[in-house]
$ cat structure_13.cif   # mmCIF, C-alpha atoms
data_upload
#
loop_
_atom_site.label_atom_id
_atom_site.label_comp_id
_atom_site.auth_asym_id
_atom_site.auth_seq_id
_atom_site.Cartn_x
_atom_site.Cartn_y
_atom_site.Cartn_z
CA MET Q 982 0.00 0.00 0.00
CA ASP Q 983 1.15 3.56 -0.71
CA ASP Q 984 2.18 5.71 2.25
CA LEU Q 985 -0.82 6.81 4.32
CA ILE Q 986 -1.17 10.33 5.71
CA LEU Q 987 -4.19 11.40 7.75
CA HIS Q 988 -5.06 15.10 7.57
CA GLU Q 989 -6.95 15.57 10.83
CA ASP Q 990 -8.00 17.53 13.90
CA PRO Q 991 -7.46 15.55 17.13
CA ILE Q 992 -10.82 16.59 18.63
CA SER Q 993 -12.73 15.14 15.65
CA GLY Q 994 -14.40 11.77 16.08
CA ASN Q 995 -14.56 11.45 12.30
CA CYS Q 996 -10.73 11.54 12.26
CA TYR Q 997 -10.51 9.11 15.18
CA LYS Q 998 -12.53 6.52 13.20
CA ILE Q 999 -9.80 6.33 10.59
CA ARG Q 1000 -7.02 6.07 13.19
CA LEU Q 1001 -8.97 3.33 14.95
CA VAL Q 1002 -9.38 1.31 11.73
CA ALA Q 1003 -5.66 1.69 10.99
CA ALA Q 1004 -4.82 0.62 14.56
CA TYR Q 1005 -7.03 -2.49 14.47
CA LEU Q 1006 -5.43 -3.45 11.13
CA GLY Q 1007 -1.87 -2.60 12.24
CA LEU Q 1008 -1.41 -0.08 9.41
CA PRO Q 1009 1.11 2.73 10.03
CA ILE Q 1010 -0.37 6.15 9.35
CA GLU Q 1011 1.30 9.55 9.49
CA ARG Q 1012 -0.71 12.38 11.07
CA ARG Q 1013 -0.92 16.00 9.86
CA LEU Q 1014 -2.74 18.19 12.36
CA TYR Q 1015 -5.06 21.09 11.56
CA TYR Q 1016 -7.17 23.09 13.97
CA ILE Q 1017 -10.67 23.54 12.60
CA ARG Q 1018 -11.44 26.33 15.07
CA LYS Q 1019 -8.47 28.34 13.75
CA GLY Q 1020 -9.69 28.02 10.14
CA GLU Q 1021 -6.74 25.85 9.12
CA THR Q 1022 -8.91 23.71 6.84
CA ARG Q 1023 -10.14 26.75 4.89
CA THR Q 1024 -6.82 28.18 3.73
CA PRO Q 1025 -6.31 28.52 -0.06
CA GLU Q 1026 -3.54 25.91 0.08
CA PHE Q 1027 -5.71 23.38 1.94
CA LEU Q 1028 -8.62 23.91 -0.47
CA ALA Q 1029 -6.35 23.58 -3.52
CA THR Q 1030 -4.43 20.48 -2.47
CA VAL Q 1031 -6.16 18.53 0.30
CA ASN Q 1032 -9.93 19.04 0.03
CA ALA Q 1033 -11.92 21.59 -1.97
CA ASN Q 1034 -14.73 21.00 0.55
CA GLY Q 1035 -12.59 22.57 3.33
CA ARG Q 1036 -13.05 19.73 5.76
CA ILE Q 1037 -11.11 17.04 7.52
CA PRO Q 1038 -10.51 14.15 7.81
CA VAL Q 1039 -8.86 13.49 4.48
CA LEU Q 1040 -6.89 10.29 3.96
CA GLN Q 1041 -3.93 10.80 1.65
CA ILE Q 1042 -2.84 7.64 -0.16
CA GLY Q 1043 0.40 8.36 -1.98
CA ASP Q 1044 -0.49 11.50 -3.95
CA ARG Q 1045 -4.27 10.93 -3.94
CA PHE Q 1046 -6.70 12.46 -1.45
CA LEU Q 1047 -9.83 10.79 -0.09
CA PRO Q 1048 -12.28 12.91 1.95
CA GLU Q 1049 -15.23 11.58 3.99
CA SER Q 1050 -14.32 9.52 7.05
CA SER Q 1051 -16.44 6.49 6.17
CA ALA Q 1052 -14.96 6.23 2.68
CA ALA Q 1053 -11.46 6.42 4.17
CA CYS Q 1054 -12.33 3.64 6.63
CA PHE Q 1055 -13.64 1.52 3.76
CA TYR Q 1056 -10.43 2.07 1.75
CA LEU Q 1057 -8.23 0.95 4.65
CA ALA Q 1058 -10.37 -2.08 5.54
CA ASP Q 1059 -11.14 -3.26 1.98
CA GLY Q 1060 -10.38 -6.99 1.88
CA SER Q 1061 -9.96 -7.26 5.68
CA PRO Q 1062 -12.23 -8.96 8.26
CA LEU Q 1063 -13.58 -5.51 9.23
CA ILE Q 1064 -15.81 -5.73 6.12
CA PRO Q 1065 -18.13 -8.79 6.07
CA ASP Q 1066 -17.83 -11.29 3.23
CA ASP Q 1067 -21.57 -11.86 3.09
CA ARG Q 1068 -23.36 -9.63 0.58
CA PHE Q 1069 -26.27 -8.69 2.85
CA ASP Q 1070 -24.01 -8.11 5.86
CA ARG Q 1071 -21.68 -5.93 3.79
CA ALA Q 1072 -24.60 -3.73 2.74
CA ASP Q 1073 -25.97 -3.79 6.30
CA MET Q 1074 -22.59 -2.54 7.55
CA LEU Q 1075 -22.87 0.37 5.13
CA ARG Q 1076 -26.45 0.88 6.31
CA TRP Q 1077 -25.15 1.63 9.83
CA MET Q 1078 -22.34 3.81 8.48
CA PHE Q 1079 -24.85 5.90 6.51
CA PHE Q 1080 -27.13 5.94 9.57
CA GLU Q 1081 -24.19 7.30 11.55
CA GLN Q 1082 -23.48 10.13 9.14
CA TYR Q 1083 -27.13 11.09 8.60
CA HIS Q 1084 -28.95 10.45 11.89
CA HIS Q 1085 -26.22 10.32 14.54
CA GLU Q 1086 -23.24 12.55 13.75
CA PRO Q 1087 -25.20 15.72 12.83
CA ASN Q 1088 -26.89 15.50 16.24
CA VAL Q 1089 -24.64 13.65 18.71
CA ALA Q 1090 -21.35 15.05 17.38
CA THR Q 1091 -22.68 18.51 16.66
CA LEU Q 1092 -24.05 18.95 20.21
CA ARG Q 1093 -20.69 17.78 21.59
CA PHE Q 1094 -18.88 20.37 19.47
CA TRP Q 1095 -21.33 23.14 20.31
CA LEU Q 1096 -21.49 22.49 24.06
CA ALA Q 1097 -18.00 21.18 24.89
CA TYR Q 1098 -15.85 23.12 22.41
CA LEU Q 1099 -17.66 26.13 20.91
CA GLY Q 1100 -19.66 27.03 24.03
CA LYS Q 1101 -23.43 27.41 24.31
CA ASP Q 1102 -23.18 31.20 24.59
CA ARG Q 1103 -21.45 31.43 21.23
CA LEU Q 1104 -24.10 29.65 19.16
CA SER Q 1105 -25.82 31.61 16.40
CA ALA Q 1106 -29.57 32.21 16.72
CA ALA Q 1107 -30.25 29.53 14.09
CA GLN Q 1108 -27.98 27.06 15.90
CA ALA Q 1109 -29.65 27.74 19.24
CA ALA Q 1110 -33.09 27.32 17.64
CA SER Q 1111 -32.08 23.91 16.26
CA LEU Q 1112 -30.75 22.62 19.58
CA PRO Q 1113 -33.97 20.97 20.89
CA ALA Q 1114 -34.53 19.13 17.59
CA LYS Q 1115 -30.91 17.97 17.54
CA ARG Q 1116 -31.20 16.77 21.14
CA ALA Q 1117 -34.33 14.75 20.30
CA ALA Q 1118 -32.84 13.34 17.09
CA GLY Q 1119 -29.63 12.36 18.89
CA GLU Q 1120 -31.61 10.59 21.61
CA ALA Q 1121 -33.68 8.79 18.98
CA ALA Q 1122 -30.50 7.60 17.23
CA LEU Q 1123 -29.05 6.33 20.52
CA ALA Q 1124 -32.33 4.61 21.46
CA LEU Q 1125 -32.41 2.87 18.06
CA MET Q 1126 -28.81 1.68 18.53
CA ASP Q 1127 -29.59 0.44 22.04
CA ALA Q 1128 -32.61 -1.56 20.83
CA HIS Q 1129 -30.57 -3.07 18.00
CA LEU Q 1130 -27.70 -4.01 20.33
CA ALA Q 1131 -29.90 -5.74 22.89
CA GLY Q 1132 -28.94 -9.39 22.49
CA ARG Q 1133 -26.19 -8.64 19.97
CA ASP Q 1134 -22.44 -8.28 20.53
CA PHE Q 1135 -21.77 -6.08 17.49
CA PHE Q 1136 -23.87 -4.22 14.91
CA VAL Q 1137 -23.52 -6.67 12.01
CA GLY Q 1138 -22.79 -10.38 11.74
CA GLY Q 1139 -21.56 -11.06 15.27
CA THR Q 1140 -18.06 -9.62 14.85
CA LEU Q 1141 -16.41 -6.20 14.88
CA SER Q 1142 -16.90 -4.34 11.58
CA LEU Q 1143 -16.58 -0.79 10.29
CA ALA Q 1144 -20.16 -0.23 11.47
CA ASP Q 1145 -19.02 -0.54 15.10
CA ILE Q 1146 -16.00 1.71 14.60
CA ALA Q 1147 -18.02 4.38 12.80
CA LEU Q 1148 -20.64 4.45 15.57
CA TYR Q 1149 -18.17 4.09 18.44
CA ALA Q 1150 -16.27 7.29 17.71
CA TYR Q 1151 -18.91 9.84 18.70
CA THR Q 1152 -21.05 7.57 20.87
CA HIS Q 1153 -18.32 6.99 23.45
CA VAL Q 1154 -17.97 10.76 23.98
CA ALA Q 1155 -21.71 11.52 23.71
CA GLY Q 1156 -21.62 12.56 27.38
CA GLU Q 1157 -19.65 15.67 26.34
CA GLY Q 1158 -22.73 16.71 24.34
CA GLY Q 1159 -25.04 16.21 27.31
CA PHE Q 1160 -26.33 12.74 26.42
CA ASP Q 1161 -26.66 10.42 29.42
CA LEU Q 1162 -25.38 7.01 28.29
CA ASP Q 1163 -26.67 5.41 31.51
CA ARG Q 1164 -30.08 5.41 29.78
CA TRP Q 1165 -28.84 2.88 27.19
CA PRO Q 1166 -27.26 -0.18 28.85
CA ALA Q 1167 -26.82 -2.19 25.65
CA ILE Q 1168 -24.80 0.70 24.21
CA ARG Q 1169 -22.61 0.82 27.33
CA ALA Q 1170 -21.91 -2.93 27.14
CA TRP Q 1171 -21.08 -2.63 23.42
CA LEU Q 1172 -18.75 0.34 24.01
CA ALA Q 1173 -16.84 -1.77 26.54
CA ARG Q 1174 -16.65 -4.63 24.03
CA VAL Q 1175 -15.21 -2.43 21.28
CA ALA Q 1176 -12.64 -0.91 23.64
CA VAL Q 1177 -11.04 -4.27 24.48
CA MET Q 1178 -10.59 -5.46 20.88
CA PRO Q 1179 -6.90 -6.14 20.08
CA GLY Q 1180 -5.32 -3.03 18.56
CA TYR Q 1181 -7.74 -0.53 20.17
CA ILE Q 1182 -6.39 2.97 20.78
CA PRO Q 1183 -8.14 5.72 22.76
CA MET Q 1184 -9.29 8.93 21.07
CA ASN Q 1185 -6.65 11.10 22.77
CA SER Q 1186 -3.75 8.83 21.78
CA MET G 1394 -31.32 -13.22 -5.75
CA ASP G 1395 -34.27 -13.27 -3.34
CA ASP G 1396 -37.40 -11.33 -4.33
CA LEU G 1397 -36.89 -7.58 -4.02
CA ILE G 1398 -39.52 -5.24 -2.58
CA LEU G 1399 -38.95 -1.51 -2.27
CA HIS G 1400 -40.85 0.21 0.53
CA GLU G 1401 -41.04 3.77 -0.77
CA ASP G 1402 -42.70 7.15 -1.26
CA PRO G 1403 -42.78 8.21 -4.93
CA ILE G 1404 -41.78 11.83 -4.16
CA SER G 1405 -38.57 10.73 -2.44
CA GLY G 1406 -35.33 11.00 -4.37
CA ASN G 1407 -33.76 8.55 -1.93
CA CYS G 1408 -36.29 5.94 -3.11
CA TYR G 1409 -35.74 6.88 -6.76
CA LYS G 1410 -32.01 6.11 -6.42
CA ILE G 1411 -32.81 2.48 -5.66
CA ARG G 1412 -35.30 2.17 -8.52
CA LEU G 1413 -32.73 3.73 -10.85
CA VAL G 1414 -30.01 1.24 -9.83
CA ALA G 1415 -32.44 -1.65 -10.32
CA ALA G 1416 -33.46 -0.27 -13.73
CA TYR G 1417 -29.85 0.12 -14.95
CA LEU G 1418 -29.15 -3.45 -13.82
CA GLY G 1419 -32.40 -4.87 -15.21
CA LEU G 1420 -33.49 -6.18 -11.78
CA PRO G 1421 -37.25 -6.56 -11.23
CA ILE G 1422 -38.39 -4.83 -8.05
CA GLU G 1423 -41.85 -4.72 -6.50
CA ARG G 1424 -43.01 -1.39 -5.07
CA ARG G 1425 -44.95 -0.81 -1.84
CA LEU G 1426 -46.07 2.79 -1.52
CA TYR G 1427 -46.27 4.83 1.68
CA TYR G 1428 -47.08 8.50 2.02
CA ILE G 1429 -44.66 10.16 4.43
CA ARG G 1430 -46.87 13.22 4.82
CA LYS G 1431 -49.74 11.01 6.01
CA GLY G 1432 -47.55 9.39 8.69
CA GLU G 1433 -47.64 5.99 7.00
CA THR G 1434 -43.99 5.26 7.89
CA ARG G 1435 -44.63 5.86 11.62
CA THR G 1436 -47.39 3.31 12.23
CA PRO G 1437 -46.72 0.61 14.89
CA GLU G 1438 -46.77 -2.06 12.16
CA PHE G 1439 -44.24 -0.23 9.98
CA LEU G 1440 -41.93 0.39 12.95
CA ALA G 1441 -42.14 -3.25 14.06
CA THR G 1442 -41.63 -4.93 10.70
CA VAL G 1443 -40.07 -2.60 8.10
CA ASN G 1444 -37.89 -0.02 9.87
CA ALA G 1445 -37.68 0.90 13.55
CA ASN G 1446 -36.28 4.26 12.36
CA GLY G 1447 -39.66 5.10 10.78
CA ARG G 1448 -38.23 6.07 7.43
CA ILE G 1449 -38.25 4.97 3.82
CA PRO G 1450 -36.74 3.78 1.55
CA VAL G 1451 -36.27 0.28 2.86
CA LEU G 1452 -35.19 -2.48 0.49
CA GLN G 1453 -36.70 -5.84 1.42
CA ILE G 1454 -34.65 -8.82 0.24
CA GLY G 1455 -36.64 -11.99 0.89
CA ASP G 1456 -37.55 -11.58 4.56
CA ARG G 1457 -34.70 -9.19 5.46
CA PHE G 1458 -35.00 -5.41 5.55
CA LEU G 1459 -32.28 -2.94 4.55
CA PRO G 1460 -32.81 0.76 5.35
CA GLU G 1461 -30.65 3.65 4.07
CA SER G 1462 -30.85 4.33 0.35
CA SER G 1463 -27.11 4.20 -0.34
CA ALA G 1464 -26.73 0.83 1.41
CA ALA G 1465 -29.63 -0.53 -0.64
CA CYS G 1466 -27.99 0.74 -3.85
CA PHE G 1467 -24.73 -0.96 -2.83
CA TYR G 1468 -26.52 -4.25 -2.17
CA LEU G 1469 -28.17 -4.26 -5.60
CA ALA G 1470 -25.00 -3.24 -7.46
CA ASP G 1471 -22.51 -5.40 -5.54
CA GLY G 1472 -20.43 -7.26 -8.14
CA SER G 1473 -21.78 -5.17 -11.06
CA PRO G 1474 -20.00 -2.51 -13.19
CA LEU G 1475 -21.79 0.21 -11.15
CA ILE G 1476 -19.15 -0.36 -8.43
CA PRO G 1477 -15.55 0.16 -9.60
CA ASP G 1478 -13.09 -2.74 -9.39
CA ASP G 1479 -10.21 -0.45 -8.43
CA ARG G 1480 -9.75 -0.12 -4.67
CA PHE G 1481 -9.25 3.66 -4.64
CA ASP G 1482 -12.10 4.26 -7.08
CA ARG G 1483 -14.41 2.05 -5.02
CA ALA G 1484 -13.69 4.11 -1.91
CA ASP G 1485 -13.93 7.33 -3.93
CA MET G 1486 -17.40 6.25 -5.10
CA LEU G 1487 -18.40 5.85 -1.44
CA ARG G 1488 -16.83 9.24 -0.73
CA TRP G 1489 -19.33 10.89 -3.11
CA MET G 1490 -22.20 8.82 -1.69
CA PHE G 1491 -21.35 9.97 1.84
CA PHE G 1492 -20.90 13.52 0.53
CA GLU G 1493 -24.40 13.27 -0.93
CA GLN G 1494 -25.99 12.15 2.35
CA TYR G 1495 -24.09 14.62 4.53
CA HIS G 1496 -23.57 17.78 2.46
CA HIS G 1497 -26.13 17.59 -0.34
CA GLU G 1498 -29.33 15.79 0.65
CA PRO G 1499 -29.93 17.59 4.00
CA ASN G 1500 -29.80 20.89 2.08
CA VAL G 1501 -30.83 20.33 -1.55
CA ALA G 1502 -33.48 17.68 -0.84
CA THR G 1503 -34.74 19.31 2.35
CA LEU G 1504 -35.31 22.69 0.65
CA ARG G 1505 -37.18 20.90 -2.15
CA PHE G 1506 -39.41 19.16 0.39
CA TRP G 1507 -39.98 22.31 2.41
CA LEU G 1508 -40.68 24.64 -0.53
CA ALA G 1509 -42.32 22.34 -3.11
CA TYR G 1510 -44.24 19.92 -0.85
CA LEU G 1511 -44.62 21.22 2.73
CA GLY G 1512 -44.94 24.89 1.83
CA LYS G 1513 -42.86 27.79 3.12
CA ASP G 1514 -45.71 29.08 5.31
CA ARG G 1515 -45.88 25.78 7.19
CA LEU G 1516 -42.25 25.66 8.34
CA SER G 1517 -41.53 25.70 12.07
CA ALA G 1518 -39.62 28.66 13.49
CA ALA G 1519 -36.48 26.52 13.76
CA GLN G 1520 -36.85 25.31 10.18
CA ALA G 1521 -37.35 28.84 8.89
CA ALA G 1522 -34.28 30.01 10.84
CA SER G 1523 -32.16 27.30 9.24
CA LEU G 1524 -33.25 28.10 5.70
CA PRO G 1525 -30.47 30.58 4.78
CA ALA G 1526 -27.75 28.21 6.05
CA LYS G 1527 -29.29 25.31 4.13
CA ARG G 1528 -29.49 27.44 0.98
CA ALA G 1529 -25.79 28.36 1.28
CA ALA G 1530 -24.73 24.78 2.06
CA GLY G 1531 -26.75 23.43 -0.86
CA GLU G 1532 -25.17 25.95 -3.23
CA ALA G 1533 -21.70 25.04 -1.90
CA ALA G 1534 -22.38 21.33 -2.52
CA LEU G 1535 -23.55 22.05 -6.08
CA ALA G 1536 -20.56 24.31 -6.75
CA LEU G 1537 -18.19 21.59 -5.53
CA MET G 1538 -19.87 19.04 -7.81
CA ASP G 1539 -19.68 21.43 -10.76
CA ALA G 1540 -15.95 22.03 -10.22
CA HIS G 1541 -15.31 18.29 -9.94
CA LEU G 1542 -17.30 17.52 -13.10
CA ALA G 1543 -15.54 20.11 -15.26
CA GLY G 1544 -13.53 17.96 -17.67
CA ARG G 1545 -15.02 14.70 -16.38
CA ASP G 1546 -17.89 12.63 -17.76
CA PHE G 1547 -18.80 10.95 -14.46
CA PHE G 1548 -17.87 11.33 -10.80
CA VAL G 1549 -15.44 8.41 -10.51
CA GLY G 1550 -13.30 6.48 -12.98
CA GLY G 1551 -14.81 7.70 -16.26
CA THR G 1552 -17.93 5.52 -16.20
CA LEU G 1553 -21.34 5.55 -14.54
CA SER G 1554 -21.20 4.37 -10.90
CA LEU G 1555 -23.41 4.52 -7.83
CA ALA G 1556 -21.86 7.92 -7.09
CA ASP G 1557 -23.57 9.39 -10.14
CA ILE G 1558 -26.90 7.75 -9.35
CA ALA G 1559 -26.84 8.87 -5.71
CA LEU G 1560 -26.10 12.47 -6.70
CA TYR G 1561 -28.41 12.54 -9.72
CA ALA G 1562 -31.58 11.82 -7.76
CA TYR G 1563 -31.95 15.14 -5.92
CA THR G 1564 -29.71 17.24 -8.18
CA HIS G 1565 -31.96 16.85 -11.23
CA VAL G 1566 -34.92 18.22 -9.26
CA ALA G 1567 -32.93 20.86 -7.33
CA GLY G 1568 -34.90 23.54 -9.18
CA GLU G 1569 -37.96 22.56 -7.13
CA GLY G 1570 -36.01 23.72 -4.05
CA GLY G 1571 -35.15 27.06 -5.66
CA PHE G 1572 -31.65 26.18 -6.86
CA ASP G 1573 -30.85 27.57 -10.32
CA LEU G 1574 -28.96 24.82 -12.18
CA ASP G 1575 -28.10 27.26 -14.99
CA ARG G 1576 -25.32 28.46 -12.70
CA TRP G 1577 -23.54 25.09 -12.96
CA PRO G 1578 -23.03 24.06 -16.62
CA ALA G 1579 -20.89 21.00 -15.86
CA ILE G 1580 -23.70 19.66 -13.67
CA ARG G 1581 -26.24 20.23 -16.45
CA ALA G 1582 -24.07 18.36 -18.98
CA TRP G 1583 -23.57 15.48 -16.53
CA LEU G 1584 -27.32 15.28 -15.75
CA ALA G 1585 -27.97 14.90 -19.50
CA ARG G 1586 -25.30 12.18 -19.71
CA VAL G 1587 -26.82 10.15 -16.85
CA ALA G 1588 -30.32 10.45 -18.35
CA VAL G 1589 -29.35 8.76 -21.65
CA MET G 1590 -27.65 5.73 -20.09
CA PRO G 1591 -29.32 2.45 -21.20
CA GLY G 1592 -31.96 1.44 -18.66
CA TYR G 1593 -32.61 4.98 -17.34
CA ILE G 1594 -36.09 5.63 -15.94
CA PRO G 1595 -37.49 9.04 -14.95
CA MET G 1596 -38.37 9.80 -11.32
CA ASN G 1597 -42.13 9.83 -11.95
CA SER G 1598 -42.15 6.45 -13.70
#
$ encode --input "structure_13.cif" --output "C-alpha cells"
Amino acid sequence: MDDLILHEDPISGNCYKIRLVAAYLGLPIERRLYYIRKGETRTPEFLATVNANGRIPVLQIGDRFLPESSAACFYLADGSPLIPDDRFDRADMLRWMFFEQYHHEPNVATLRFWLAYLGKDRLSAAQAASLPAKRAAGEAALALMDAHLAGRDFFVGGTLSLADIALYAYTHVAGEGGFDLDRWPAIRAWLARVAVMPGYIPMNS
Amino acid sequence: MDDLILHEDPISGNCYKIRLVAAYLGLPIERRLYYIRKGETRTPEFLATVNANGRIPVLQIGDRFLPESSAACFYLADGSPLIPDDRFDRADMLRWMFFEQYHHEPNVATLRFWLAYLGKDRLSAAQAASLPAKRAAGEAALALMDAHLAGRDFFVGGTLSLADIALYAYTHVAGEGGFDLDRWPAIRAWLARVAVMPGYIPMNS
C-alpha cells in the first residue's frame, strides 16, 4: 500500500474513526494536524491540495486524497475482516455507516462540538433554535442503537466491523454533548466490548 | 437473488435512487407505496416490521430489511459494473455517496421538500431560521460538484457508478427547491449524460 497520511483535527471523532481502523489493522499512518477552530482547513492551500470542501478528515494515499471519514475507513479495511464477506451483511454494515453520518453525527457530534468546544453562549440564533430538535434526534438515534444491540455483541454479523467503529467514535464521547449514556445499557456494554478489541487505541492517543 | 420489494414514497429522491439502480441493472423490483406526509412510515406495524427508524426507503430482500438508500444501492449493485473494481475508485465512489448524504441531501433535498411539498408558510420557526444556512450549504455542494465535473464525464473512474446515481436523484430536481442549475453548466451536462444511459427511468415512472 502507498504511504498513508491522515489530515486531521485531534478533537474530531470522524478523524478518530480512521485512526482506529488503521490501529485495528496494524497499518502505520502519518498524522498531519489542523485546527478547525483556527480556520486551518479553509486556507487557499488546503482547499487547492487537500480538500476543496474545506473539511477534515482526508486520507492521503500516496499523492491521492480521499475525503469523507467512512470512505477512508472503507479504503483501509477493503479486503480485511472488518468488512463482512456476506453480501447482505456488507450492505448492512454500510447501512449503519450511513445511519451514523445522517442520523447520529449531525446530532450527537454537533451537540458535543457546540457544548464542549464552541460554548453554548457562542451559538448563532439559528444554531440555538435547532438545539432541541438535535437533542431529540440524537436521543432517537441512541435509542435505536440500544434496541438493535440488545442481544447482539456487534452491529452486524456477530463480529467487529466498520459499522461498530463508525458508531463508536462519537457515541463513546456523547456525554460531552449532554447525552446520558446510563439510559442505554446495551450501548454501554457494546462500548466496553469495542474498547477491548486487540489493537484498540483511545481517542486522545 | 431473493425477491426484491422496495418500501417507498414516490416523491422521495432517496427511493428513486434504488429504482434507478435496479433499472440500470435490469433487476425486477416490487413497489410498496407509503405517504410520508400522512404518517404511513410511523405506524406501529411499519416500525415493528419494516424499519424501527420510521423512514423509507427500505429495500426488502426476501424476509430481510435494509434501510438507508445508499446501502440498498450498494446491495443491488454489488459485483456489477456500477461499483468500480479499483480499490481507490471504489472508496472514492463511497466518498461521493457519503458527501451526498451529509452535504447535499440535508440541504438540496430538504429545501425541495420544504418549498415544493410542505410549503414555506408551514415551516416551524427553527426550520425557517435554518433556511439561509441550508441554501448556502446546498449551493456550496452544487458548486463543488460542478468544479469536480468540469472535464469529467462521471464522478469516478470515467464511467457511470453509484456515485452518479446517488447524486443525480436530488440534483436533477434541485430547481424545485429554488436552486438555479443554470449556474452550474458541468452539472447540467452530466445530468444529461446520466439520463441517456441504457436502462434509465425518470423519477415519476
$ atom_distance --input "structure_13.cif" --atom1 "CA of Leu1047 in chain Q" --atom2 "CA of Cys1466 in chain G"
21.1 Å
$ interface_residues --input "structure_13.cif" --of "chain Q" --to "chain G" --cutoff "10 Å" --atoms "all atoms listed in the file" --output "ChimeraX atom specification"
/Q:1033-1034,1042,1045-1057,1059-1060,1068-1080,1082-1084,1086-1087,1106-1114,1121-1122,1124-1125,1128-1129
$ resolve_selection --input "structure_13.cif" --expression "the PyMOL selection byres ((chain Q and resi 1138) around 12)" --output "list in words"
Pro1062, Leu1063, Ile1064, Pro1065, Asp1066, Asp1067, Arg1068, Phe1069, Asp1070, Arg1071, Ala1072, Asp1073, Met1074, Leu1130, Arg1133, Asp1134, Phe1135, Phe1136, Val1137, Gly1139, Thr1140, Leu1141, Ser1142, Leu1143, Ala1144 and Asp1145 of chain Q
$ atom_distance --input "structure_13.cif" --atom1 "CA of Arg1505 in chain G" --atom2 "CA of Ala1567 in chain G"
6.7 Å
$ atom_distance --input "structure_13.cif" --atom1 "CA of Ala1509 in chain G" --atom2 "CA of Lys1527 in chain G"
15.2 Å
$ residues_around --input "structure_13.cif" --residues "range 1420-1433 of chain G" --least-positions-apart "4" --cutoff "6 Å" --atoms "only C-alpha atoms" --output "number ranges by chain"
G: 1397-1402, 1415
$ resolve_selection --input "structure_13.cif" --expression "the PyMOL selection byres ((chain Q and resi 1157-1161) around 9)" --output "ChimeraX atom specification"
/Q:1089-1097,1116,1119-1120,1154-1156,1162-1165
$ write_last_selection --input "structure_13.cif" --atoms "C-alpha atoms" --output "mmCIF file, keeping the file's coordinate frame"
data_model
loop_
_atom_site.group_PDB
_atom_site.id
_atom_site.type_symbol
_atom_site.label_atom_id
_atom_site.label_comp_id
_atom_site.auth_asym_id
_atom_site.auth_seq_id
_atom_site.Cartn_x
_atom_site.Cartn_y
_atom_site.Cartn_z
ATOM 1 C CA VAL Q 1089 -24.640 13.650 18.710
ATOM 2 C CA ALA Q 1090 -21.350 15.050 17.380
ATOM 3 C CA THR Q 1091 -22.680 18.510 16.660
ATOM 4 C CA LEU Q 1092 -24.050 18.950 20.210
ATOM 5 C CA ARG Q 1093 -20.690 17.780 21.590
ATOM 6 C CA PHE Q 1094 -18.880 20.370 19.470
ATOM 7 C CA TRP Q 1095 -21.330 23.140 20.310
ATOM 8 C CA LEU Q 1096 -21.490 22.490 24.060
ATOM 9 C CA ALA Q 1097 -18.000 21.180 24.890
ATOM 10 C CA ARG Q 1116 -31.200 16.770 21.140
ATOM 11 C CA GLY Q 1119 -29.630 12.360 18.890
ATOM 12 C CA GLU Q 1120 -31.610 10.590 21.610
ATOM 13 C CA VAL Q 1154 -17.970 10.760 23.980
ATOM 14 C CA ALA Q 1155 -21.710 11.520 23.710
ATOM 15 C CA GLY Q 1156 -21.620 12.560 27.380
ATOM 16 C CA LEU Q 1162 -25.380 7.010 28.290
ATOM 17 C CA ASP Q 1163 -26.670 5.410 31.510
ATOM 18 C CA ARG Q 1164 -30.080 5.410 29.780
ATOM 19 C CA TRP Q 1165 -28.840 2.880 27.190
#
$ closest_residue --input "structure_13.cif" --among "G:Gly1592, G:Pro1437, G:Pro1450, G:Gly1455" --to "Asp1396 in chain G" --atoms "all atoms listed in the file"
G:Gly1455
$ closest_residue --input "structure_13.cif" --among "Q:Ser1061, Q:Ala1131, Q:Gly1100, Q:Tyr1151" --to "Leu1006 in chain Q" --atoms "all atoms listed in the file"
Q:Ser1061
$ closest_residue --input "structure_13.cif" --among "Q:His1153, Q:Ala1170, Q:Ile999, Q:Leu1104" --to "Gly1132 in chain Q" --atoms "all atoms listed in the file"
Q:Ala1170
$ residues_near_point --input "structure_13.cif" --point "(-41.5, -4.9, 9.5)" --cutoff "10 Å" --atoms "only C-alpha atoms" --output "list in words"
Pro1437, Glu1438, Phe1439, Leu1440, Ala1441, Thr1442, Val1443, Asn1444, Ala1445, Val1451, Gln1453, Asp1456, Arg1457 and Phe1458 of chain G
$ residues_around --input "structure_13.cif" --residues "Ser1186 in chain Q" --least-positions-apart "6" --cutoff "12 Å" --atoms "all atoms listed in the file" --output "PyMOL selection string"
chain Q and resi 991-992+997+1000-1001+1004+1012
$ closest_residue --input "structure_13.cif" --among "Q:Thr1024, Q:Asp983, Q:Ala1058, Q:Tyr1005" --to "Val1177 in chain Q" --atoms "all atoms listed in the file"
Q:Tyr1005
